[in-house]
Every structure is written in C-alpha cells, then in structure tokens.
$ cat final.cif   # mmCIF, C-alpha atoms
data_work
#
loop_
_atom_site.label_atom_id
_atom_site.label_comp_id
_atom_site.auth_asym_id
_atom_site.auth_seq_id
_atom_site.Cartn_x
_atom_site.Cartn_y
_atom_site.Cartn_z
CA ASP T 85 -6.82 7.69 -21.38
CA GLY T 86 -6.06 9.11 -17.92
CA GLU T 87 -2.92 10.80 -16.75
CA ARG T 88 0.12 8.66 -16.00
CA TYR T 89 2.48 9.12 -13.12
CA GLY T 90 5.61 7.22 -12.31
CA THR T 91 8.25 6.48 -9.76
CA SER T 92 11.68 5.54 -11.00
CA ARG T 93 12.30 1.80 -10.69
CA LYS T 94 15.94 2.50 -9.89
CA SER T 95 15.08 4.88 -7.05
CA VAL T 96 12.69 2.30 -5.56
CA GLU T 97 15.25 -0.51 -5.82
CA ASP T 98 18.04 1.68 -4.40
CA THR T 99 15.90 2.73 -1.44
CA VAL T 100 14.83 -0.83 -0.67
CA LYS T 101 18.40 -2.15 -0.98
CA GLY T 102 19.47 0.55 1.48
CA GLY T 103 17.13 -0.96 4.07
CA THR T 104 14.71 1.95 4.17
CA ASP T 105 10.97 1.38 4.19
CA LEU T 106 9.30 3.03 1.24
CA LEU T 107 5.65 4.00 0.95
CA LEU T 108 4.23 4.47 -2.52
CA GLU T 109 0.77 5.87 -3.15
CA ILE T 110 -0.07 4.05 -6.36
CA ASP T 111 -3.05 2.54 -8.11
CA VAL T 112 -3.83 -1.16 -8.10
CA GLN T 113 -2.02 -1.86 -11.37
CA GLY T 114 1.07 -0.08 -10.04
CA GLY T 115 0.91 -2.18 -6.89
CA MET T 116 0.87 -5.37 -8.91
CA GLU T 117 3.84 -4.16 -10.98
CA VAL T 118 5.81 -3.41 -7.81
CA LYS T 119 5.00 -6.90 -6.49
CA LYS T 120 6.38 -8.44 -9.71
CA ILE T 121 9.63 -6.50 -9.39
CA ILE T 122 9.94 -6.74 -5.59
CA PRO T 123 8.17 -9.93 -4.42
CA ASP T 124 8.77 -8.98 -0.75
CA ALA T 125 6.81 -5.76 -1.20
CA VAL T 126 3.90 -5.44 1.20
CA LEU T 127 0.76 -4.13 -0.45
CA ILE T 128 -1.84 -2.30 1.64
CA ALA T 129 -5.23 -1.70 0.04
CA LEU T 130 -7.07 1.39 1.21
CA PHE T 131 -10.84 0.97 1.01
CA PRO T 132 -13.65 3.46 1.58
CA PRO T 133 -16.34 2.14 3.94
CA GLY T 134 -18.69 1.50 1.02
CA PRO T 135 -19.74 2.50 -2.49
CA ASP T 136 -21.74 5.54 -1.34
CA ALA T 137 -18.74 6.92 0.55
CA LEU T 138 -16.50 6.35 -2.47
CA TYR T 139 -18.85 8.20 -4.81
CA GLU T 140 -19.29 11.04 -2.32
CA ARG T 141 -15.51 11.40 -1.89
CA LEU T 142 -15.00 11.53 -5.65
CA GLU T 143 -17.62 14.28 -5.89
CA LYS T 144 -16.15 16.29 -3.00
CA ARG T 145 -12.72 16.41 -4.64
CA LYS T 146 -14.26 18.57 -7.39
CA ARG T 147 -11.48 17.55 -9.78
CA GLU T 148 -13.61 15.72 -12.34
CA SER T 149 -16.85 16.26 -14.23
CA GLY T 150 -19.87 14.06 -13.58
CA GLY T 151 -18.92 11.70 -16.41
CA GLU T 152 -15.36 11.47 -15.19
CA ILE T 153 -16.56 10.73 -11.63
CA GLU T 154 -18.70 7.90 -12.97
CA LYS T 155 -15.72 6.55 -14.92
CA ARG T 156 -13.45 6.70 -11.84
CA PHE T 157 -16.12 5.05 -9.69
CA ASN T 158 -16.58 2.17 -12.15
CA GLU T 159 -12.81 1.75 -12.42
CA ALA T 160 -12.55 1.50 -8.63
CA VAL T 161 -15.27 -1.17 -8.55
CA ARG T 162 -13.40 -3.20 -11.21
CA GLU T 163 -10.18 -2.94 -9.19
CA LEU T 164 -11.74 -4.55 -6.12
CA SER T 165 -11.04 -8.10 -7.38
CA VAL T 166 -7.34 -7.28 -7.87
CA LEU T 167 -7.14 -5.84 -4.37
CA LEU T 168 -7.79 -9.33 -3.02
CA LYS T 169 -4.19 -10.08 -4.02
CA TYR T 170 -2.90 -7.42 -1.61
CA ASP T 171 -1.40 -8.33 1.77
CA TYR T 172 -3.39 -6.01 4.04
CA TYR T 173 -6.38 -3.72 3.90
CA VAL T 174 -7.33 -0.54 5.72
CA ILE T 175 -10.89 0.75 5.77
CA ASN T 176 -10.80 4.55 5.61
CA ARG T 177 -13.81 5.49 7.75
CA ASP T 178 -11.72 8.00 9.68
CA LEU T 179 -8.47 9.38 8.21
CA GLU T 180 -6.53 9.44 11.50
CA LYS T 181 -7.48 5.82 12.27
CA ALA T 182 -6.60 4.74 8.71
CA ILE T 183 -3.17 6.35 9.08
CA GLU T 184 -2.65 4.62 12.44
CA ASP T 185 -3.59 1.26 10.89
CA ALA T 186 -1.17 1.74 7.99
CA ILE T 187 1.65 2.72 10.38
CA LEU T 188 0.91 -0.36 12.49
CA ILE T 189 1.23 -2.59 9.41
CA VAL T 190 4.60 -1.03 8.57
CA LYS T 191 5.79 -1.51 12.18
CA VAL T 192 4.70 -5.15 12.28
CA GLN T 193 6.40 -5.86 8.95
CA GLY T 194 9.61 -4.39 10.38
CA LEU T 195 9.53 -6.91 13.22
CA LYS T 196 9.57 -9.96 10.95
CA ILE T 197 12.48 -12.25 11.66
CA CYS T 198 13.40 -12.49 7.97
CA LYS T 199 13.88 -8.70 7.86
CA ASN T 200 16.17 -8.73 10.90
CA LEU T 201 18.11 -11.95 10.45
CA GLU T 202 21.65 -10.60 10.86
CA PHE T 203 20.72 -8.57 13.93
CA LEU T 204 18.95 -11.54 15.53
CA LYS T 205 21.82 -13.93 14.72
CA ASP T 206 24.13 -11.56 16.57
CA ILE T 207 21.87 -11.51 19.64
CA VAL T 208 21.43 -15.29 19.63
CA SER T 209 25.21 -15.81 19.35
CA GLN T 210 25.66 -13.79 22.53
CA PHE T 211 23.68 -16.44 24.43
CA TRP T 212 25.92 -19.29 23.21
CA ARG T 213 29.38 -17.90 23.86
#

$ encode --input "final.cif" --output "structure tokens"
Amino acid sequence: DGERYGTSRKSVEDTVKGGTDLLLEIDVQGGMEVKKIIPDAVLIALFPPGPDALYERLEKRKRESGGEIEKRFNEAVRELSVLLKYDYYVINRDLEKAIEDAILIVKVQGLKICKNLEFLKDIVSQFWR
C-alpha cells in the first residue's frame, strides 16, 4: 500500500465558505471525494502528452525503483477513465503553458454569474433606480 496524505476536510470547507479559491494537488480518488463533499468543486485533470512521456517523467523523478515505476504507471493508466468525470483537462507538454492553462480555468470559473450573484444583483439594481 502506498503512502497516504490528507488535507483536513474542515480547513477545505472553511476556506471555501470564506470565498477563497483553493487549489489542491490530489490524486484522482481524492478529486472524486472532494466532488462528493463539495459538488461545486471544479476538477482539473493534468495529463502528460502521452504514455512515453509519463513513463519517462516517472523515471526522471528517481524516487521509485523500476517495479514501483511500473506500478505507478499502471495505476495512472487505470485512472484515465475516472479522469473523464473531471471538469477540465490540461496537457502538460510545457510546464509554463500548463500553469497558464490552469490559471485561466480558475479565472474563468471566478467569472461565473452564480459565483458573483450578490455583486451582480447590486450592479443591476443601480440601473433600475
């Protein structure tokens, strides 16, 4: 069994209730758990450009043995079907571009009317005084 990491549910809920965007770097299962707890959560899947790139990146990290790399690779392949339930995807061909794409998704989500309803109601009311 691999290592387990966690983010406090309370800290996530408190941050979201406070109106602050929150980015979590979590695995696919964690993403699905967050979506269950916070249905409005926006999930962004980060993909390598292909299987060769994924395997090469796992090797370059030099954190796992050959057998462990194979295990991680196979796990990533199995997770691909779950990623289809995510809201957005970013292909990580170039790290800077991938970061820009993720930031753009966050910005666009922040412009949704449902996230700014009170502010927009106030503006609209100014037109009908």

$ resolve_selection --input "final.cif" --expression "the PyMOL selection byres ((chain T and resi 129-137) around 6)" --output "ChimeraX atom specification"
/T:128,138-140,173-177

$ write_last_selection --input "final.cif" --atoms "C-alpha atoms" --output "compact mmCIF listing (two decimals), keeping the file's coordinate frame"
# COMPACT_ATOMS: atom_id res chain seq x y z
CA ILE T 128 -1.84 -2.30 1.64
CA LEU T 138 -16.50 6.35 -2.47
CA TYR T 139 -18.85 8.20 -4.81
CA GLU T 140 -19.29 11.04 -2.32
CA TYR T 173 -6.38 -3.72 3.90
CA VAL T 174 -7.33 -0.54 5.72
CA ILE T 175 -10.89 0.75 5.77
CA ASN T 176 -10.80 4.55 5.61
CA ARG T 177 -13.81 5.49 7.75

$ resolve_selection --input "final.cif" --expression "the PyMOL selection byres ((chain T and resi 160) around 10)" --output "VMD selection string"
chain T and resid 111 to 112 131 135 138 to 139 154 to 159 161 to 165

$ atom_distance --input "final.cif" --atom1 "atom CA of Leu142 of chain T" --atom2 "atom CA of Thr91 of chain T"
24.1 Å

$ residues_around --input "final.cif" --residues "Ile122 of chain T" --least-positions-apart "2" --cutoff "12 Å" --atoms "all atoms listed in the file" --output "VMD selection string"
chain T and resid 93 to 94 96 to 101 106 114 to 120 124 to 127

$ atom_distance --input "final.cif" --atom1 "atom CA of Tyr170 of chain T" --atom2 "atom CA of Leu107 of chain T"
14.5 Å

$ atom_distance --input "final.cif" --atom1 "atom CA of Asn200 of chain T" --atom2 "atom CA of Leu188 of chain T"
17.5 Å

$ closest_residue --input "final.cif" --among "T:Ser95, T:Ile153, T:Asp105, T:Leu168" --to "Lys199 of chain T" --atoms "all atoms listed in the file"
T:Asp105

$ build_atoms --input "final.cif" --residues "segment 135-147 of chain T" --atoms "N, CA and C atoms" --output "mmCIF file, keeping the file's coordinate frame"
data_model
loop_
_atom_site.group_PDB
_atom_site.id
_atom_site.type_symbol
_atom_site.label_atom_id
_atom_site.label_comp_id
_atom_site.auth_asym_id
_atom_site.auth_seq_id
_atom_site.Cartn_x
_atom_site.Cartn_y
_atom_site.Cartn_z
ATOM 1 N N PRO T 135 -19.632 1.829 -1.191
ATOM 2 C CA PRO T 135 -19.740 2.500 -2.490
ATOM 3 C C PRO T 135 -20.278 3.927 -2.393
ATOM 4 N N ASP T 136 -21.206 4.181 -1.482
ATOM 5 C CA ASP T 136 -21.740 5.540 -1.340
ATOM 6 C C ASP T 136 -20.653 6.513 -0.892
ATOM 7 N N ALA T 137 -19.834 6.071 0.052
ATOM 8 C CA ALA T 137 -18.740 6.920 0.550
ATOM 9 C C ALA T 137 -17.727 7.180 -0.570
ATOM 10 N N LEU T 138 -17.434 6.169 -1.370
ATOM 11 C CA LEU T 138 -16.500 6.350 -2.470
ATOM 12 C C LEU T 138 -17.026 7.397 -3.455
ATOM 13 N N TYR T 139 -18.269 7.268 -3.845
ATOM 14 C CA TYR T 139 -18.850 8.200 -4.810
ATOM 15 C C TYR T 139 -18.862 9.625 -4.245
ATOM 16 N N GLU T 140 -19.252 9.727 -2.978
ATOM 17 C CA GLU T 140 -19.290 11.040 -2.320
ATOM 18 C C GLU T 140 -17.902 11.674 -2.261
ATOM 19 N N ARG T 141 -16.880 10.878 -1.966
ATOM 20 C CA ARG T 141 -15.510 11.400 -1.890
ATOM 21 C C ARG T 141 -15.022 11.861 -3.264
ATOM 22 N N LEU T 142 -15.371 11.116 -4.300
ATOM 23 C CA LEU T 142 -15.000 11.530 -5.650
ATOM 24 C C LEU T 142 -15.655 12.860 -6.006
ATOM 25 N N GLU T 143 -16.920 13.022 -5.614
ATOM 26 C CA GLU T 143 -17.620 14.280 -5.890
ATOM 27 C C GLU T 143 -17.009 15.443 -5.116
ATOM 28 N N LYS T 144 -16.685 15.226 -3.856
ATOM 29 C CA LYS T 144 -16.150 16.290 -3.000
ATOM 30 C C LYS T 144 -14.800 16.809 -3.466
ATOM 31 N N ARG T 145 -14.034 15.968 -4.162
ATOM 32 C CA ARG T 145 -12.720 16.410 -4.640
ATOM 33 C C ARG T 145 -12.854 17.513 -5.674
ATOM 34 N N LYS T 146 -13.967 17.536 -6.381
ATOM 35 C CA LYS T 146 -14.260 18.570 -7.390
ATOM 36 C C LYS T 146 -13.153 18.691 -8.434
ATOM 37 N N ARG T 147 -12.532 17.551 -8.761
ATOM 38 C CA ARG T 147 -11.480 17.550 -9.780
ATOM 39 C C ARG T 147 -11.992 17.057 -11.124
#
